[in-house]
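Trainee: This is query-v4.cif (mmCIF, C-alpha atoms).
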```
data_upload
loop_
_atom_site.group_PDB
_atom_site.id
_atom_site.type_symbol
_atom_site.label_atom_id
_atom_site.label_comp_id
_atom_site.auth_asym_id
_atom_site.auth_seq_id
_atom_site.Cartn_x
_atom_site.Cartn_y
_atom_site.Cartn_z
ATOM 1 C CA MET Q 1 -8.478 -15.082 -11.590
ATOM 2 C CA GLU Q 2 -5.720 -16.744 -9.585
ATOM 3 C CA SER Q 3 -4.230 -15.702 -6.256
ATOM 4 C CA SER Q 4 -1.405 -16.954 -4.064
ATOM 5 C CA ILE Q 5 -0.669 -15.606 -0.613
ATOM 6 C CA TYR Q 6 2.149 -16.395 1.795
ATOM 7 C CA ASN Q 7 2.624 -16.092 5.554
ATOM 8 C CA ILE Q 8 6.361 -15.440 5.428
ATOM 9 C CA ASP Q 9 8.913 -12.615 5.393
ATOM 10 C CA CYS Q 10 8.569 -11.007 1.966
ATOM 11 C CA LEU Q 11 12.341 -10.683 1.588
ATOM 12 C CA ARG Q 12 12.457 -14.496 1.546
ATOM 13 C CA GLN Q 13 9.323 -15.047 -0.537
ATOM 14 C CA ILE Q 14 10.257 -12.601 -3.301
ATOM 15 C CA LYS Q 15 13.402 -14.620 -4.073
ATOM 16 C CA GLU Q 16 11.141 -17.405 -5.393
ATOM 17 C CA MET Q 17 9.332 -15.172 -7.882
ATOM 18 C CA PRO Q 18 10.264 -15.405 -11.584
ATOM 19 C CA ASP Q 19 11.967 -12.573 -13.435
ATOM 20 C CA ASN Q 20 9.698 -10.132 -15.324
ATOM 21 C CA SER Q 21 6.544 -11.734 -13.915
ATOM 22 C CA VAL Q 22 4.682 -8.867 -12.207
ATOM 23 C CA ASP Q 23 2.632 -6.122 -13.893
ATOM 24 C CA LEU Q 24 2.078 -3.928 -10.829
ATOM 25 C CA ILE Q 25 3.691 -3.827 -7.402
ATOM 26 C CA LEU Q 26 1.239 -2.054 -5.104
ATOM 27 C CA THR Q 27 2.245 -2.169 -1.472
ATOM 28 C CA ASP Q 28 2.028 -0.427 1.882
ATOM 29 C CA PRO Q 29 5.185 -1.135 3.942
ATOM 30 C CA PRO Q 30 5.498 0.037 7.551
ATOM 31 C CA TYR Q 31 6.153 3.772 7.829
ATOM 32 C CA ASN Q 32 8.395 3.441 10.915
ATOM 33 C CA ILE Q 33 6.461 6.207 12.669
ATOM 34 C CA ALA Q 34 5.572 4.250 15.827
ATOM 35 C CA GLN Q 35 8.764 5.623 17.370
ATOM 36 C CA TYR Q 36 7.218 9.108 17.229
ATOM 37 C CA SER Q 37 3.958 8.136 18.930
ATOM 38 C CA THR Q 38 2.999 9.964 22.101
ATOM 39 C CA GLY Q 39 0.426 7.368 23.110
ATOM 40 C CA ASN Q 40 -3.348 7.412 23.044
ATOM 41 C CA ILE Q 41 -5.178 10.684 22.405
ATOM 42 C CA PRO Q 42 -8.023 11.574 24.827
ATOM 43 C CA LEU Q 43 -11.190 12.951 23.212
ATOM 44 C CA PRO Q 44 -13.882 14.742 25.259
ATOM 45 C CA GLY Q 45 -16.976 12.546 25.587
ATOM 46 C CA ARG Q 46 -15.485 9.762 23.469
ATOM 47 C CA SER Q 47 -13.145 6.840 23.876
ATOM 48 C CA GLU Q 48 -9.472 7.539 23.405
ATOM 49 C CA VAL Q 49 -7.976 7.377 19.927
ATOM 50 C CA ASN Q 50 -5.362 4.657 19.659
ATOM 51 C CA ASN Q 51 -2.290 6.476 18.383
ATOM 52 C CA ASP Q 52 0.044 3.518 18.832
ATOM 53 C CA LEU Q 53 0.924 1.275 15.897
ATOM 54 C CA GLY Q 54 1.953 -2.346 16.286
ATOM 55 C CA GLN Q 55 5.382 -3.745 17.002
ATOM 56 C CA TRP Q 56 5.674 -4.467 13.262
ATOM 57 C CA ASP Q 57 6.119 -0.734 12.637
ATOM 58 C CA LEU Q 58 9.169 -0.595 14.903
ATOM 59 C CA LYS Q 59 11.165 -2.897 12.601
ATOM 60 C CA GLU Q 60 13.161 -0.572 10.371
ATOM 61 C CA ILE Q 61 12.384 -0.684 6.665
ATOM 62 C CA ASN Q 62 15.389 -0.201 4.384
ATOM 63 C CA PRO Q 63 14.282 0.642 0.817
ATOM 64 C CA PHE Q 64 17.642 -0.514 -0.560
ATOM 65 C CA ASP Q 65 16.690 -4.085 0.453
ATOM 66 C CA PHE Q 66 13.994 -4.101 -2.256
ATOM 67 C CA VAL Q 67 15.757 -2.508 -5.220
ATOM 68 C CA GLN Q 68 17.272 -5.598 -6.796
ATOM 69 C CA ASP Q 69 14.213 -7.843 -6.533
ATOM 70 C CA PHE Q 70 11.639 -5.182 -7.443
ATOM 71 C CA LYS Q 71 13.634 -4.464 -10.603
ATOM 72 C CA ARG Q 72 14.008 -8.172 -11.306
ATOM 73 C CA ILE Q 73 10.351 -9.226 -11.002
ATOM 74 C CA ILE Q 74 8.638 -6.197 -12.580
ATOM 75 C CA LYS Q 75 7.838 -6.467 -16.288
ATOM 76 C CA PRO Q 76 9.384 -3.897 -18.663
ATOM 77 C CA ASP Q 77 5.982 -2.176 -18.952
ATOM 78 C CA GLY Q 78 5.100 -2.562 -15.271
ATOM 79 C CA ASN Q 79 4.525 0.019 -12.539
ATOM 80 C CA ILE Q 80 5.426 0.244 -8.858
ATOM 81 C CA PHE Q 81 3.375 2.134 -6.220
ATOM 82 C CA ILE Q 82 4.664 2.249 -2.631
ATOM 83 C CA PHE Q 83 2.765 3.950 0.195
ATOM 84 C CA THR Q 84 5.107 5.882 2.462
ATOM 85 C CA SER Q 85 5.421 8.795 4.886
ATOM 86 C CA TYR Q 86 7.427 11.983 5.395
ATOM 87 C CA ASN Q 87 10.222 10.230 7.261
ATOM 88 C CA LEU Q 88 10.876 7.640 4.528
ATOM 89 C CA ILE Q 89 10.130 9.423 1.237
ATOM 90 C CA GLY Q 90 13.754 10.577 0.986
ATOM 91 C CA LYS Q 91 15.072 7.070 1.593
ATOM 92 C CA TRP Q 92 12.852 5.587 -1.132
ATOM 93 C CA HIS Q 93 14.061 8.342 -3.462
ATOM 94 C CA GLU Q 94 17.699 7.677 -2.619
ATOM 95 C CA ALA Q 95 17.284 3.954 -3.258
ATOM 96 C CA PHE Q 96 15.130 3.999 -6.407
ATOM 97 C CA ASP Q 97 15.490 7.315 -8.254
ATOM 98 C CA SER Q 98 18.493 6.212 -10.271
ATOM 99 C CA GLU Q 99 16.990 2.788 -11.000
ATOM 100 C CA PHE Q 100 13.900 3.816 -13.008
ATOM 101 C CA ASP Q 101 13.199 6.359 -15.714
ATOM 102 C CA THR Q 102 10.605 8.084 -13.533
ATOM 103 C CA PHE Q 103 10.269 8.642 -9.782
ATOM 104 C CA GLN Q 104 7.129 10.587 -8.880
ATOM 105 C CA TYR Q 105 4.902 10.871 -5.866
ATOM 106 C CA PHE Q 106 1.129 10.615 -5.590
ATOM 107 C CA ILE Q 107 -0.979 12.163 -2.813
ATOM 108 C CA TRP Q 108 -3.967 10.523 -1.174
ATOM 109 C CA HIS Q 109 -6.067 13.205 0.527
ATOM 110 C CA LYS Q 110 -8.182 11.734 3.299
ATOM 111 C CA THR Q 111 -11.485 13.615 3.467
ATOM 112 C CA ASN Q 112 -12.151 12.454 7.042
ATOM 113 C CA PRO Q 113 -8.781 12.413 8.850
ATOM 114 C CA MET Q 114 -8.409 11.951 12.583
ATOM 115 C CA PRO Q 115 -9.287 15.274 14.292
ATOM 116 C CA LYS Q 116 -6.894 17.484 16.260
ATOM 117 C CA ILE Q 117 -8.857 18.446 19.334
ATOM 118 C CA PHE Q 118 -6.397 21.118 20.477
ATOM 119 C CA LYS Q 119 -6.046 22.723 17.023
ATOM 120 C CA ASN Q 120 -2.304 23.088 17.462
ATOM 121 C CA GLY Q 121 -1.143 21.812 14.078
ATOM 122 C CA PHE Q 122 -2.205 20.577 10.663
ATOM 123 C CA LEU Q 123 -4.462 17.560 10.341
ATOM 124 C CA ASN Q 124 -2.698 14.452 9.077
ATOM 125 C CA SER Q 125 -4.935 14.379 6.014
ATOM 126 C CA CYS Q 126 -2.459 13.336 3.301
ATOM 127 C CA GLU Q 127 -0.388 10.259 2.587
ATOM 128 C CA MET Q 128 2.280 9.879 -0.085
ATOM 129 C CA ILE Q 129 2.732 7.103 -2.606
ATOM 130 C CA VAL Q 130 6.042 6.588 -4.436
ATOM 131 C CA CYS Q 131 5.459 5.936 -8.167
ATOM 132 C CA LEU Q 132 8.078 4.236 -10.331
ATOM 133 C CA TRP Q 133 8.122 3.222 -13.992
ATOM 134 C CA ASN Q 134 10.187 3.045 -17.137
ATOM 135 C CA LYS Q 135 9.402 4.341 -20.616
ATOM 136 C CA GLY Q 136 6.633 2.381 -22.294
ATOM 137 C CA HIS Q 137 4.843 1.538 -19.057
ATOM 138 C CA LYS Q 138 1.111 0.774 -18.940
ATOM 139 C CA TRP Q 139 -1.060 3.822 -18.282
ATOM 140 C CA ASN Q 140 -4.844 3.845 -18.614
ATOM 141 C CA PHE Q 141 -5.840 7.497 -18.770
ATOM 142 C CA SER Q 142 -8.343 8.925 -21.240
ATOM 143 C CA SER Q 143 -8.091 12.618 -20.332
ATOM 144 C CA GLN Q 144 -5.782 15.140 -18.662
ATOM 145 C CA ASN Q 145 -8.263 15.540 -15.797
ATOM 146 C CA GLU Q 146 -7.617 11.938 -14.774
ATOM 147 C CA MET Q 147 -3.854 12.415 -14.672
ATOM 148 C CA HIS Q 148 -3.556 14.407 -11.442
ATOM 149 C CA ASN Q 149 -1.187 12.913 -8.858
ATOM 150 C CA PHE Q 150 -3.885 13.502 -6.254
ATOM 151 C CA PHE Q 151 -6.906 11.457 -5.162
ATOM 152 C CA GLU Q 152 -9.552 12.199 -2.548
ATOM 153 C CA CYS Q 153 -11.569 9.653 -0.616
ATOM 154 C CA PRO Q 154 -12.387 8.801 3.013
ATOM 155 C CA ILE Q 155 -10.233 6.544 5.145
ATOM 156 C CA CYS Q 156 -11.368 2.938 5.388
ATOM 157 C CA MET Q 157 -14.488 2.805 7.547
ATOM 158 C CA GLY Q 158 -17.944 1.243 7.974
ATOM 159 C CA ASN Q 159 -18.472 -2.365 6.906
ATOM 160 C CA GLU Q 160 -15.262 -2.312 4.878
ATOM 161 C CA ARG Q 161 -13.161 -1.734 7.992
ATOM 162 C CA LEU Q 162 -12.183 -4.954 9.721
ATOM 163 C CA LYS Q 163 -12.957 -4.940 13.437
ATOM 164 C CA ASN Q 164 -11.211 -8.175 14.404
ATOM 165 C CA PRO Q 165 -8.375 -7.970 13.660
ATOM 166 C CA LYS Q 166 -8.242 -4.211 13.289
ATOM 167 C CA HIS Q 167 -5.313 -3.112 11.166
ATOM 168 C CA PRO Q 168 -4.354 0.505 11.974
ATOM 169 C CA SER Q 169 -3.410 1.322 8.378
ATOM 170 C CA GLN Q 170 -6.031 -0.570 6.339
ATOM 171 C CA LYS Q 171 -6.387 1.271 3.022
ATOM 172 C CA PRO Q 172 -9.769 1.942 1.338
ATOM 173 C CA LEU Q 173 -10.717 -0.145 -1.687
ATOM 174 C CA LYS Q 174 -11.749 2.979 -3.594
ATOM 175 C CA LEU Q 175 -8.180 4.290 -3.542
ATOM 176 C CA LEU Q 176 -6.588 0.934 -4.305
ATOM 177 C CA LYS Q 177 -8.932 0.324 -7.233
ATOM 178 C CA HIS Q 178 -8.113 3.750 -8.682
ATOM 179 C CA LEU Q 179 -4.405 2.901 -8.644
ATOM 180 C CA ILE Q 180 -4.903 -0.613 -10.021
ATOM 181 C CA GLU Q 181 -7.148 0.535 -12.857
ATOM 182 C CA THR Q 182 -4.697 3.294 -13.735
ATOM 183 C CA ALA Q 183 -1.597 1.118 -13.903
ATOM 184 C CA SER Q 184 -2.702 -2.371 -14.987
ATOM 185 C CA ASN Q 185 -5.117 -4.287 -17.198
ATOM 186 C CA GLU Q 186 -7.533 -7.155 -16.602
ATOM 187 C CA GLY Q 187 -5.676 -10.436 -16.266
ATOM 188 C CA ASP Q 188 -2.484 -8.726 -15.049
ATOM 189 C CA LEU Q 189 -0.601 -9.859 -11.965
ATOM 190 C CA ILE Q 190 -0.595 -7.558 -8.923
ATOM 191 C CA TYR Q 191 1.966 -8.132 -6.161
ATOM 192 C CA ASP Q 192 1.812 -6.849 -2.576
ATOM 193 C CA PRO Q 193 4.700 -7.952 -0.326
ATOM 194 C CA PHE Q 194 3.160 -6.165 2.704
ATOM 195 C CA MET Q 195 -0.497 -7.107 2.212
ATOM 196 C CA GLY Q 196 -1.727 -6.643 5.793
ATOM 197 C CA VAL Q 197 -5.367 -7.750 5.850
ATOM 198 C CA GLY Q 198 -5.421 -8.213 2.081
ATOM 199 C CA SER Q 199 -7.095 -5.061 0.773
ATOM 200 C CA THR Q 200 -4.898 -4.896 -2.331
ATOM 201 C CA GLY Q 201 -5.786 -8.513 -3.069
ATOM 202 C CA VAL Q 202 -9.508 -7.829 -2.663
ATOM 203 C CA ALA Q 203 -9.310 -4.806 -4.977
ATOM 204 C CA ALA Q 204 -7.282 -6.774 -7.536
ATOM 205 C CA LYS Q 205 -9.672 -9.725 -7.577
ATOM 206 C CA GLU Q 206 -12.752 -7.510 -7.859
ATOM 207 C CA LEU Q 207 -11.142 -5.848 -10.903
ATOM 208 C CA GLY Q 208 -10.293 -9.117 -12.637
ATOM 209 C CA ARG Q 209 -6.573 -9.168 -11.857
ATOM 210 C CA ASN Q 210 -4.410 -11.996 -10.526
ATOM 211 C CA PHE Q 211 -2.766 -11.475 -7.142
ATOM 212 C CA ILE Q 212 0.252 -12.559 -5.133
ATOM 213 C CA GLY Q 213 0.557 -11.300 -1.579
ATOM 214 C CA CYS Q 214 2.825 -11.772 1.400
ATOM 215 C CA GLU Q 215 2.216 -10.993 5.078
ATOM 216 C CA ILE Q 216 4.509 -11.915 7.956
ATOM 217 C CA ASP Q 217 1.933 -11.405 10.742
ATOM 218 C CA LYS Q 218 -0.114 -14.596 11.227
ATOM 219 C CA VAL Q 219 -3.279 -12.860 12.443
ATOM 220 C CA PHE Q 220 -3.358 -10.368 9.565
ATOM 221 C CA PHE Q 221 -2.496 -13.145 7.100
ATOM 222 C CA GLU Q 222 -5.491 -15.240 8.196
ATOM 223 C CA ALA Q 223 -7.779 -12.212 7.830
ATOM 224 C CA ALA Q 224 -6.427 -11.562 4.347
ATOM 225 C CA LYS Q 225 -6.820 -15.203 3.389
ATOM 226 C CA LYS Q 226 -10.467 -15.220 4.442
ATOM 227 C CA ARG Q 227 -11.287 -12.015 2.552
ATOM 228 C CA ILE Q 228 -9.603 -13.128 -0.662
ATOM 229 C CA GLU Q 229 -10.990 -16.685 -0.584
ATOM 230 C CA GLU Q 230 -14.510 -15.283 -0.335
ATOM 231 C CA LEU Q 231 -13.988 -13.808 -3.828
ATOM 232 C CA LEU Q 232 -12.827 -17.074 -5.440
#
```
Before anything else, please render the file you have as structure tokens.
Mentor:
Amino acid sequence: MESSIYNIDCLRQIKEMPDNSVDLILTDPPYNIAQYSTGNIPLPGRSEVNNDLGQWDLKEINPFDFVQDFKRIIKPDGNIFIFTSYNLIGKWHEAFDSEFDTFQYFIWHKTNPMPKIFKNGFLNSCEMIVCLWNKGHKWNFSSQNEMHNFFECPICMGNERLKNPKHPSQKPLKLLKHLIETASNEGDLIYDPFMGVGSTGVAAKELGRNFIGCEIDKVFFEAAKKRIEELL
């Protein structure tokens, strides 16, 4: 299976991609929630929890910037999955709802979310994924029980979690593989314009898919490159 990855701004790289060439766009853009951070969280008897995201999360994401090219590169039977958060879900809906036959959301329930020591609010145990497709899209379900827009698994941890560099929003392979298997077939092309440390690429390669990824941060790009090349 082939893969191509680029250390460049995805809004430049995507212009070079052919029309109707991608089977599944699966990506995790910045949530723009760093502006709401209150700093590190002290935990009794433990090191502080780093609640600050990188500078990359401060750059505003405008969903309208991706409409034209996402529509152009996706195949007629393709699917689009975009991780997002409460503050951007409405913007993705505004930009894309009228452009595809279906706009749905999918919930990832994290079974081991970061604790709230002071018990003064809900745990941040769920993340949303925007789901877009047109009639006739690929869909690999065999039963109604598999069709829930809800998936439970732990956050990325253990040996799977990169320590150096540590990406604050690295997604677990179990979740990514569930989405890839649902919405694509072996030999299909998966595209991630915000690939971070390359988890979507790793999941795609392990499932026999081709992969194109883009990451603007040099450190994360090199980590992604190493992980994906180890599977070649």
Trainee: Q:Thr182, Q:Asn159, Q:Thr111, Q:Ser98: which is nearest Trp139 (chain Q), counting only C-alpha atoms?
Mentor: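 Smallest separation from Trp139 (chain Q) among the options: Q:Thr182.
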Trainee: As an exercise, work out the distance from CA of Ala95 (chain Q) to CA of Val67 (chain Q) in Å and give it to one decimal place.
Mentor: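 Value for the CA of Ala95 (chain Q)-CA of Val67 (chain Q) distance: 6.9 Å.
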Trainee: Within 12 Å of (-0.6, -14.6, 12.8) (file coordinates; all atoms listed in the file), which protein or nucleic acid residues are there? I'd like them as a ChimeraX atom specification.
Mentor: /Q:6-8,56,165,196-197,215-225
Trainee: Using the chain letters and numbers from this file, what does the PyMOL selection byres ((chain Q and resi 97) around 12) select? Give the answer as an MDAnalysis selection string.
Mentor: chainID Q and resid 63:64 67 89:96 98:105 130:134
Trainee: Counting all atoms listed in the file, which of Q:Met128, Q:Lys15, Q:Gly158, Q:Gly121 gets nearest to Ile107 (chain Q)?
Mentor: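 The answer is Q:Met128, which sits nearest to Ile107 (chain Q).
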Trainee: Need the axis-aligned box for region 135-153 of chain Q with 4 Å each side, so what are the centre and edges in Å to one decimal, as JSON?
Mentor:
```
{"center_x": -1.1, "center_y": 8.2, "center_z": -11.5, "size_x": 29.0, "size_y": 22.8, "size_z": 29.7}
```
Trainee: When you look at Asp65 (chain Q) with a cut-off of 9 Å (counting all atoms listed in the file), what residues show up, excluding the ones that are within fewer than 3 positions of it in the same chain? I need them as a list in words.
Mentor: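 Counting all atoms listed in the file, the residues come to Leu11, Ile61, Asn62, Gln68, Asp69 and Ala95 of chain Q.
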Trainee: What gap, in Å, lies between CA of Thr84 (chain Q) and CA of Glu146 (chain Q)?
Mentor: 22.3 Å
Trainee: Give as a list in words every residue, naming chains and numbers as the document does, that has an atom within 12 Å of (-12.8, 13.3, 8.8), counting all atoms listed in the file.
Mentor: His109, Lys110, Thr111, Asn112, Pro113, Met114, Pro115, Lys116, Leu123, Asn124, Ser125, Cys126, Glu152, Cys153, Pro154, Ile155, Cys156 and Met157 of chain Q
Trainee: Can you tell me which residues surround region 71-82 of chain Q at a distance of at most 6 Å, considering all atoms listed in the file, apart from same-chain residues fewer than 3 positions away, and format the answer as a short mmCIF file (atom, residue, chain, number, x, y, z; two decimals) with C-alpha atoms, keeping the file's coordinate frame?
Mentor:
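For reference, around39.cif as written:
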```
data_model
loop_
_atom_site.label_atom_id
_atom_site.label_comp_id
_atom_site.auth_asym_id
_atom_site.auth_seq_id
_atom_site.Cartn_x
_atom_site.Cartn_y
_atom_site.Cartn_z
CA ASP Q 19 11.97 -12.57 -13.44
CA ASN Q 20 9.70 -10.13 -15.32
CA SER Q 21 6.54 -11.73 -13.92
CA VAL Q 22 4.68 -8.87 -12.21
CA ASP Q 23 2.63 -6.12 -13.89
CA LEU Q 24 2.08 -3.93 -10.83
CA ILE Q 25 3.69 -3.83 -7.40
CA LEU Q 26 1.24 -2.05 -5.10
CA THR Q 27 2.24 -2.17 -1.47
CA ASP Q 28 2.03 -0.43 1.88
CA GLN Q 68 17.27 -5.60 -6.80
CA ILE Q 129 2.73 7.10 -2.61
CA VAL Q 130 6.04 6.59 -4.44
CA CYS Q 131 5.46 5.94 -8.17
CA LEU Q 132 8.08 4.24 -10.33
CA TRP Q 133 8.12 3.22 -13.99
CA GLY Q 136 6.63 2.38 -22.29
CA HIS Q 137 4.84 1.54 -19.06
CA LYS Q 138 1.11 0.77 -18.94
#
```
Trainee: What is the distance, in Å and to one decimal place, between CA of Gly187 (chain Q) and CA of Asp9 (chain Q)?
Mentor: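 Atom-to-atom, CA of Gly187 (chain Q) and CA of Asp9 (chain Q) are spaced 26.2 Å apart.
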Trainee: Give me the residues within 8 Å of Glu186 (chain Q) as a CSV table (one decimal) with C-alpha atoms, in the frame of the given file, counting all atoms listed in the file and dropping any in the same chain fewer than 3 places off.
Mentor:
```csv
chain,number,residue,atom,x,y,z
Q,207,LEU,CA,-11.1,-5.8,-10.9
Q,208,GLY,CA,-10.3,-9.1,-12.6
Q,209,ARG,CA,-6.6,-9.2,-11.9
```
Trainee: With all atoms listed in the file as the counted atoms, please give the residues lying no more than 9 Å from Leu176 (chain Q), apart from itself and same-chain residues fewer than 2 positions off, as a PDB file with C-alpha atoms, keeping the file's coordinate frame.
Mentor:
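For reference, result_14.pdb as written:
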```pdb
ATOM      1  CA  LEU Q  26       1.239  -2.054  -5.104  1.00  0.00           C
ATOM      2  CA  LYS Q 171      -6.387   1.271   3.022  1.00  0.00           C
ATOM      3  CA  PRO Q 172      -9.769   1.942   1.338  1.00  0.00           C
ATOM      4  CA  LEU Q 173     -10.717  -0.145  -1.687  1.00  0.00           C
ATOM      5  CA  LYS Q 174     -11.749   2.979  -3.594  1.00  0.00           C
ATOM      6  CA  HIS Q 178      -8.113   3.750  -8.682  1.00  0.00           C
ATOM      7  CA  LEU Q 179      -4.405   2.901  -8.644  1.00  0.00           C
ATOM      8  CA  ILE Q 180      -4.903  -0.613 -10.021  1.00  0.00           C
ATOM      9  CA  GLU Q 181      -7.148   0.535 -12.857  1.00  0.00           C
ATOM     10  CA  SER Q 199      -7.095  -5.061   0.773  1.00  0.00           C
ATOM     11  CA  THR Q 200      -4.898  -4.896  -2.331  1.00  0.00           C
ATOM     12  CA  ALA Q 203      -9.310  -4.806  -4.977  1.00  0.00           C
ATOM     13  CA  ALA Q 204      -7.282  -6.774  -7.536  1.00  0.00           C
TER      14      ALA Q 204
END
```
Trainee: Care to translate the PyMOL selection byres ((chain Q and resi 2) around 10) into actual residues of this file, as a list of chain:residue names?
Mentor: Q:Met1, Q:Ser3, Q:Ser4, Q:Gly187, Q:Leu189, Q:Lys205, Q:Gly208, Q:Arg209, Q:Asn210, Q:Phe211, Q:Ile212, Q:Leu232
Trainee: Identify which of the residues Q:Asn140, Q:Gln13, Q:Asn145, Q:Asn32 lies closest to Asp192 (chain Q), counting all atoms listed in the file when measuring atom-to-atom distances.
Mentor: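 Result for the nearest residue to Asp192 (chain Q): Q:Gln13.
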